[in-house]
Each structure stands twice: as structure tokens, then as C-alpha cells.
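Listing of input.csv, CSV, C-alpha atoms
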```
chain,number,residue,atom,x,y,z
A,1,MET,CA,10.0,13.0,23.6
A,2,GLU,CA,9.1,13.6,20.0
A,3,SER,CA,10.1,10.1,18.8
A,4,GLU,CA,7.7,8.5,21.3
A,5,GLN,CA,4.6,10.1,19.8
A,6,SER,CA,2.3,7.8,17.9
A,7,ALA,CA,2.0,8.3,14.2
A,8,GLU,CA,-1.6,9.3,14.6
A,9,ASP,CA,-0.7,12.0,17.2
A,10,LEU,CA,1.9,13.3,14.7
A,11,LEU,CA,-0.8,13.2,12.0
A,12,VAL,CA,-2.9,15.6,14.0
A,13,ARG,CA,0.0,18.0,14.2
A,14,VAL,CA,0.7,17.6,10.4
A,15,ALA,CA,-3.0,18.5,9.8
A,16,GLU,CA,-2.3,21.6,11.9
A,17,ARG,CA,0.6,22.3,9.5
A,18,SER,CA,3.5,21.2,11.7
A,19,GLU,CA,6.6,20.6,9.5
A,20,CYS,CA,8.3,19.3,12.5
A,21,ALA,CA,5.7,16.5,12.9
A,22,LEU,CA,6.0,15.7,9.1
A,23,GLY,CA,9.7,15.5,9.6
A,24,ILE,CA,9.4,12.9,12.4
A,25,LEU,CA,7.0,10.8,10.3
A,26,TYR,CA,9.4,11.0,7.4
A,27,GLU,CA,12.3,9.8,9.6
A,28,ARG,CA,10.1,7.0,10.9
A,29,PHE,CA,8.6,5.7,7.7
A,30,ALA,CA,10.8,6.9,4.8
A,31,PRO,CA,13.4,4.0,5.0
A,32,GLY,CA,10.7,1.3,4.6
A,33,LEU,CA,8.9,3.3,1.9
A,34,LEU,CA,12.1,4.0,-0.1
A,35,ALA,CA,12.9,0.3,-0.1
A,36,LEU,CA,9.4,-0.5,-1.4
A,37,LEU,CA,9.6,2.2,-4.1
A,38,HIS,CA,13.1,1.1,-5.1
A,39,ARG,CA,11.8,-2.5,-5.4
A,40,ILE,CA,9.0,-1.3,-7.6
A,41,LEU,CA,10.7,1.3,-9.7
A,42,GLY,CA,14.2,-0.2,-10.0
A,43,GLU,CA,16.0,3.1,-10.0
A,44,ARG,CA,16.9,4.7,-6.7
A,45,LYS,CA,16.6,8.3,-8.1
A,46,ASP,CA,13.0,7.6,-9.3
A,47,ALA,CA,12.2,6.0,-5.9
A,48,GLU,CA,13.5,9.1,-4.0
A,49,LEU,CA,11.4,11.4,-6.1
A,50,ALA,CA,8.3,9.2,-5.6
A,51,LEU,CA,9.0,9.2,-1.9
A,52,GLN,CA,8.9,13.0,-1.8
A,53,ASP,CA,5.5,12.8,-3.6
A,54,VAL,CA,4.1,10.4,-1.1
A,55,PHE,CA,5.0,12.7,1.8
A,56,LEU,CA,3.6,15.8,-0.1
A,57,ARG,CA,0.3,13.8,-0.5
A,58,LEU,CA,0.4,13.1,3.3
A,59,TRP,CA,0.8,16.8,3.9
A,60,ASN,CA,-2.1,17.6,1.7
A,61,GLN,CA,-4.4,14.9,3.0
A,62,ALA,CA,-3.5,14.8,6.7
A,63,ALA,CA,-6.7,16.5,7.9
A,64,ARG,CA,-8.9,14.1,6.0
A,65,LEU,CA,-6.9,11.0,7.1
A,66,ASN,CA,-7.1,12.2,10.7
A,67,ARG,CA,-10.9,12.8,10.5
A,68,GLU,CA,-11.5,9.4,9.1
A,69,GLY,CA,-9.3,7.4,11.5
A,70,ILE,CA,-7.1,6.0,8.8
A,71,SER,CA,-3.8,4.3,9.8
A,72,VAL,CA,-0.9,6.5,8.8
A,73,SER,CA,1.5,3.6,8.2
A,74,ALA,CA,-1.1,1.7,6.1
A,75,TRP,CA,-2.0,4.8,4.1
A,76,LEU,CA,1.7,5.5,3.5
A,77,ALA,CA,2.4,2.0,2.4
A,78,ILE,CA,-0.6,1.6,0.1
A,79,THR,CA,-0.1,5.1,-1.4
A,80,ALA,CA,3.6,4.4,-2.0
A,81,ARG,CA,2.8,1.1,-3.7
A,82,ASN,CA,0.0,2.6,-5.9
A,83,LEU,CA,2.1,5.7,-6.8
A,84,GLY,CA,5.1,3.4,-7.6
A,85,VAL,CA,3.3,1.0,-9.8
A,86,GLN,CA,1.5,3.9,-11.7
A,87,ARG,CA,4.8,5.6,-12.3
A,88,LEU,CA,6.4,2.3,-13.4
A,89,ARG,CA,3.6,1.7,-15.9
A,90,SER,CA,3.7,5.3,-17.2
A,91,GLY,CA,7.5,5.0,-17.7
A,92,ASN,CA,6.9,1.7,-19.6
A,93,GLY,CA,4.2,3.3,-21.8
A,94,LEU,CA,1.5,1.1,-20.2
A,95,GLU,CA,-2.0,2.2,-19.2
A,96,PRO,CA,-2.6,3.3,-15.6
A,97,LEU,CA,-4.1,0.7,-13.3
A,98,PRO,CA,-7.7,1.2,-12.1
A,99,LEU,CA,-6.9,1.5,-8.3
A,100,GLY,CA,-10.0,3.3,-6.9
A,101,GLY,CA,-11.4,0.2,-5.4
A,102,GLY,CA,-14.9,1.5,-5.5
A,103,ALA,CA,-14.2,5.0,-4.2
A,104,ALA,CA,-15.3,8.1,-6.0
A,105,PRO,CA,-12.3,10.0,-7.5
A,106,GLY,CA,-10.4,12.2,-5.0
A,107,LYS,CA,-12.0,10.4,-2.0
A,108,ILE,CA,-10.2,8.1,0.5
A,109,PRO,CA,-11.8,4.6,0.1
A,110,ALA,CA,-13.8,3.4,3.0
A,111,TRP,CA,-11.8,0.2,3.2
A,112,TYR,CA,-8.5,1.8,4.0
A,113,PRO,CA,-7.1,0.1,7.1
A,114,ARG,CA,-8.1,1.8,10.4
A,115,VAL,CA,-5.6,2.6,13.1
A,116,ALA,CA,-6.5,-0.4,15.3
A,117,GLN,CA,-6.5,-2.9,12.4
A,118,ALA,CA,-3.0,-1.8,11.2
A,119,ALA,CA,-1.6,-1.8,14.8
A,120,LEU,CA,-2.8,-5.4,15.3
A,121,LEU,CA,-1.3,-6.4,11.9
A,122,GLU,CA,2.0,-4.8,12.9
A,123,GLN,CA,2.0,-6.6,16.3
A,124,ARG,CA,1.6,-9.9,14.5
A,125,SER,CA,3.8,-9.3,11.5
A,126,GLU,CA,6.2,-12.2,12.3
A,127,LEU,CA,3.2,-14.6,12.2
A,128,LEU,CA,2.1,-13.1,8.9
A,129,LYS,CA,5.5,-13.5,7.3
A,130,LYS,CA,5.2,-17.2,8.1
A,131,VAL,CA,1.8,-17.2,6.3
A,132,ILE,CA,3.3,-15.6,3.2
A,133,LYS,CA,5.8,-18.4,3.0
A,134,GLN,CA,3.0,-21.0,3.0
A,135,LEU,CA,1.7,-19.7,-0.3
A,136,PRO,CA,2.5,-22.1,-3.2
A,137,PRO,CA,5.4,-20.7,-5.3
A,138,HIS,CA,3.3,-20.0,-8.4
A,139,GLN,CA,0.6,-18.1,-6.4
A,140,ARG,CA,3.3,-16.1,-4.5
A,141,GLN,CA,5.0,-15.2,-7.8
A,142,ALA,CA,1.7,-14.1,-9.4
A,143,LEU,CA,0.8,-12.0,-6.3
A,144,GLU,CA,4.2,-10.3,-6.2
A,145,LEU,CA,3.9,-9.4,-9.9
A,146,ALA,CA,0.5,-7.9,-9.1
A,147,VAL,CA,1.4,-6.1,-5.9
A,148,LEU,CA,5.0,-5.1,-6.4
A,149,ASP,CA,5.3,-4.9,-10.2
A,150,GLY,CA,1.9,-3.5,-10.9
A,151,CYS,CA,1.1,-6.1,-13.5
A,152,THR,CA,-2.5,-6.8,-14.7
A,153,GLU,CA,-3.7,-10.3,-14.9
A,154,ALA,CA,-3.1,-10.4,-18.7
A,155,GLU,CA,0.5,-9.1,-18.2
A,156,ILE,CA,1.2,-11.7,-15.5
A,157,ALA,CA,-0.1,-14.4,-17.9
A,158,LEU,CA,2.4,-13.2,-20.5
A,159,LYS,CA,5.3,-13.0,-18.0
A,160,LEU,CA,4.7,-16.4,-16.5
A,161,GLU,CA,3.7,-17.9,-19.9
A,162,GLU,CA,0.5,-19.3,-18.4
A,163,PRO,CA,-3.1,-19.1,-19.6
A,164,LEU,CA,-5.0,-16.1,-18.4
A,165,GLY,CA,-7.6,-18.2,-16.7
A,166,ARG,CA,-5.0,-20.0,-14.7
A,167,VAL,CA,-3.4,-16.7,-13.6
A,168,LYS,CA,-6.9,-15.4,-12.5
A,169,THR,CA,-7.4,-18.6,-10.5
A,170,GLU,CA,-4.0,-18.4,-8.9
A,171,LEU,CA,-4.4,-14.7,-7.9
A,172,ARG,CA,-7.9,-15.3,-6.4
A,173,ALA,CA,-6.6,-18.4,-4.6
A,174,ALA,CA,-3.6,-16.4,-3.2
A,175,MET,CA,-5.8,-13.5,-2.0
A,176,SER,CA,-8.4,-15.9,-0.6
A,177,PHE,CA,-5.7,-17.9,1.3
A,178,LEU,CA,-4.2,-14.7,2.7
A,179,ARG,CA,-7.6,-13.2,3.7
A,180,HIS,CA,-8.5,-16.3,5.6
A,181,ARG,CA,-5.1,-16.5,7.3
A,182,LEU,CA,-5.3,-12.8,8.0
A,183,ARG,CA,-8.6,-13.3,9.8
A,184,ALA,CA,-6.9,-16.0,11.9
A,185,VAL,CA,-3.9,-13.9,12.7
A,186,MET,CA,-6.0,-10.9,13.5
A,187,GLY,CA,-8.0,-13.1,15.9
A,188,THR,CA,-11.3,-12.8,14.0
A,189,TRP,CA,-11.4,-16.4,12.8
A,190,ALA,CA,-9.8,-19.7,13.9
A,191,ALA,CA,-7.4,-21.6,11.5
A,192,ASN,CA,-4.2,-23.5,11.8
A,193,ILE,CA,-1.1,-21.6,10.9
B,1,MET,CA,-7.6,-3.3,-5.0
B,2,LEU,CA,-4.5,-4.6,-6.7
B,3,GLY,CA,-5.4,-2.9,-10.0
B,4,SER,CA,-4.9,-6.2,-11.8
B,5,LEU,CA,-8.4,-6.5,-13.2
B,6,SER,CA,-9.2,-5.3,-16.7
B,7,THR,CA,-10.9,-2.0,-17.1
B,8,GLU,CA,-14.3,-3.6,-17.7
B,9,GLU,CA,-14.0,-6.0,-14.7
B,10,HIS,CA,-12.9,-3.1,-12.5
B,11,ALA,CA,-15.9,-0.9,-13.7
B,12,SER,CA,-18.2,-3.8,-12.9
B,13,VAL,CA,-16.7,-4.3,-9.4
B,14,GLN,CA,-16.8,-0.5,-8.7
B,15,ALA,CA,-20.5,-0.3,-9.7
B,16,HIS,CA,-21.2,-3.2,-7.3
B,17,VAL,CA,-19.3,-1.7,-4.4
B,18,GLU,CA,-20.9,1.7,-4.9
B,19,ARG,CA,-24.3,0.1,-4.3
B,20,GLY,CA,-23.0,-0.6,-0.8
B,21,CYS,CA,-22.4,-4.3,-0.7
B,22,ALA,CA,-21.2,-4.9,2.9
B,23,TYR,CA,-19.6,-8.3,2.0
B,24,CYS,CA,-17.5,-6.8,-0.7
B,25,GLN,CA,-16.5,-3.8,1.5
B,26,ASP,CA,-15.2,-6.4,4.0
B,27,GLN,CA,-13.4,-8.2,1.3
B,28,LEU,CA,-11.8,-5.0,0.1
B,29,ARG,CA,-10.8,-4.1,3.6
B,30,GLU,CA,-9.1,-7.4,4.1
B,31,ALA,CA,-7.4,-7.1,0.6
B,32,ALA,CA,-6.2,-3.7,1.6
B,33,LEU,CA,-4.6,-5.1,4.8
B,34,THR,CA,-3.0,-7.8,2.6
B,35,VAL,CA,-1.5,-5.3,0.2
B,36,TYR,CA,-0.4,-3.2,3.2
B,37,PHE,CA,1.4,-6.2,4.7
B,38,LEU,CA,3.0,-7.2,1.4
B,39,SER,CA,4.1,-3.6,0.8
B,40,ARG,CA,6.0,-3.7,4.1
B,41,MET,CA,8.0,-6.8,3.1
B,42,PRO,CA,11.1,-5.2,1.5
B,43,ARG,CA,14.0,-4.2,3.7
B,44,THR,CA,14.6,-0.7,4.7
B,45,GLU,CA,16.8,1.9,2.8
B,46,ARG,CA,17.7,5.1,4.5
B,47,PRO,CA,17.3,8.1,2.2
B,48,ASP,CA,20.1,10.7,1.9
B,49,ALA,CA,19.6,13.8,4.1
B,50,LYS,CA,19.3,15.9,1.0
B,51,GLN,CA,16.1,14.1,0.1
B,52,LYS,CA,14.4,15.4,3.2
B,53,PHE,CA,15.7,18.8,2.5
B,54,ALA,CA,14.3,18.6,-1.0
B,55,LEU,CA,10.9,17.5,0.3
B,56,PHE,CA,10.6,20.5,2.5
B,57,GLN,CA,11.8,22.8,-0.2
B,58,ARG,CA,9.0,21.5,-2.5
B,59,LEU,CA,6.5,21.7,0.4
B,60,ARG,CA,7.4,25.4,1.0
B,61,LYS,CA,7.1,26.2,-2.7
B,62,GLY,CA,3.6,24.9,-2.5
B,63,LYS,CA,4.2,22.2,-5.1
B,64,GLY,CA,2.5,19.6,-2.9
```

Mind turning the file's structure into C-alpha cells?
Amino acid sequence: MESEQSAEDLLVRVAERSECALGILYERFAPGLLALLHRILGERKDAELALQDVFLRLWNQAARLNREGISVSAWLAITARNLGVQRLRSGNGLEPLPLGGGAAPGKIPAWYPRVAQAALLEQRSELLKKVIKQLPPHQRQALELAVLDGCTEAEIALKLEEPLGRVKTELRAAMSFLRHRLRAVMGTWAANI
Amino acid sequence: MLGSLSTEEHASVQAHVERGCAYCQDQLREAALTVYFLSRMPRTERPDAKQKFALFQRLRKGKG
């Protein structure tokens, strides 16, 4: 049955220009991505247009993603988040964020989650939700402003009415906490959760 | 990864990563997983059927 095919098997077919496979991936992932884009952009119409753009990018990059063993679900989520925050910033007359993360323009960064990593993370998502709740409220707020509102550190400082240095410290502490817990949850490091 | 650094800070990180620092590559990989996980947190919203139709119309017009 079509619905039982893995996202990566479907990606192979998308790379071979199967619209049917793209449609199945859309049915599977669009509801989560639309909620994310709606959360970021605020307007459902804007979110719907951005959603189409995410899947058009998938269509165009399927062969490369497949060759490089990138997780489809992780690529979709990160691409939707990045596209959403850039569109939000553009609509608000703000400069685009530098999101390359060390990759040359037009290339898929080497650090994009691989299939096995993303699958493990999905298996353990309930545990990870618990981890997010352990973040101190200020750190969680700063992280959400960075990830879901596309704010720079300077903008977060303004929104939270906190000194820039403190925001930098909070964001680094939040990311460090999550990285360590992620290692524990993914089984690569021991820690108490 | 988040895009929250200033342009100067980002350029400095980018130059460092391009030199092939394995430690920073690992940090970026873990940060990407974190962003991926946080991006999956909102609830789901089913798009209207016409959105899928519009996507395929755009795809066939070659606007992708």
C-alpha cells in the first residue's frame, strides 16, 4: 500500500518525477508543516502559500536529498521553519537571517539530520517533550523567539527587555542544555532526564 | 543554525566551519536536530484540498 512506504522510498520516486509520491508526502507532512508555518506567520493564507513553496523546493531538491541521505521529515521541518521566518522578517521590513550554517550558497549543509538520526528522534519524541519542559521559562521563551519567531539575539533582548549579554547567555544555555539532553535521549550519552 | 547571530558573528562562525572543524560540525548537527524537534511541536492543521491542487498547478507550470 502507498501509505506504508517510508518517506525516503517516496523521496526516491519524487526524484524520479512521481507526482503521486509527492502527493503522498504532502498528505503525510503538510498538516504538521502548516501548523508550524501558521504559528510563525500568523496568517493562514500566508502559511498555505509558504507550504506550497516548501513542497516545490522538495520537488526540485529531491534527487540531491536522496543522494545525500538527508531525512525528508527533518529537511521539510527545517526548510519550513527557515522559509517561514525569512518571509515573516521580509513582511516586517527586517533583514533576512543568515541561515546557511557554514554551507556554501545553494548547497545542502552537511549537518542536516540523516535518516537514522531523525527516525531515532521521532521514536523518542515523548521523552524529548519532557526535556523541553525542563528548560527554565526565560530560556524557553528566548529559544521560542529565536526558533519560531525568527528573532535575532538583539531583537529578543528588545522584546524581553533584557540586556543583550543576558539573552546571549540564555540562548547558549538553552541550546547547550538541549544538546546534552538530546545526546542522552538519542543514546549517545548518559544523563538523568 | 538559528539565524539569531549578528551578521558579523555569523560570518566568523561560517569561516570557522568552512575550515572543517569536526567539533563545530557535530554541534551544528545537534543544533539542527534541536531545531527540527522544536519545529515539530505545534499541533497539526489540515490544509484545504484546494491547496494541494494549487501546489500541483504551480508544479506543472514549472514555477517550482

Worksheet item: If we count only C-alpha atoms, which residues of chain B reach to within 8 Å of chain A? Please list them as JSON, numbers by chain.
Response: {"B": [1, 2, 3, 4, 5, 6, 7, 10, 13, 14, 15, 17, 18, 25, 26, 28, 29, 30, 31, 32, 33, 34, 35, 36, 37, 38, 39, 40, 41, 42, 43, 44, 45, 46, 47, 51, 52, 54, 55, 59, 64]}

Worksheet item: Interatomic distance between CA of Asp48 in chain B and CA of Asp46 in chain A?
Response: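 Computing the Euclidean distance for CA of Asp48 in chain B and CA of Asp46 in chain A yields 13.6 Å.
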
Worksheet item: Nearest to Arg64 in chain A: which of A:Lys133, A:Ala15, A:Leu25, A:Gln139 is it, counting only C-alpha atoms?
Response: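 Nearest candidate to Arg64 in chain A out of A:Lys133, A:Ala15, A:Leu25, A:Gln139: A:Ala15.
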
Practice prompt. Measure the distance from CA of Phe56 in chain B to CA of Asn66 in chain A in Å and round it to one decimal.
Written response: 21.2 Å

Fill in: Distance of CA of Glu4 in chain A from CA of Gln57 in chain B, expressed in Å to one decimal place
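Value for the CA of Gln57 in chain B-CA of Glu4 in chain A distance: 26.1 Å.
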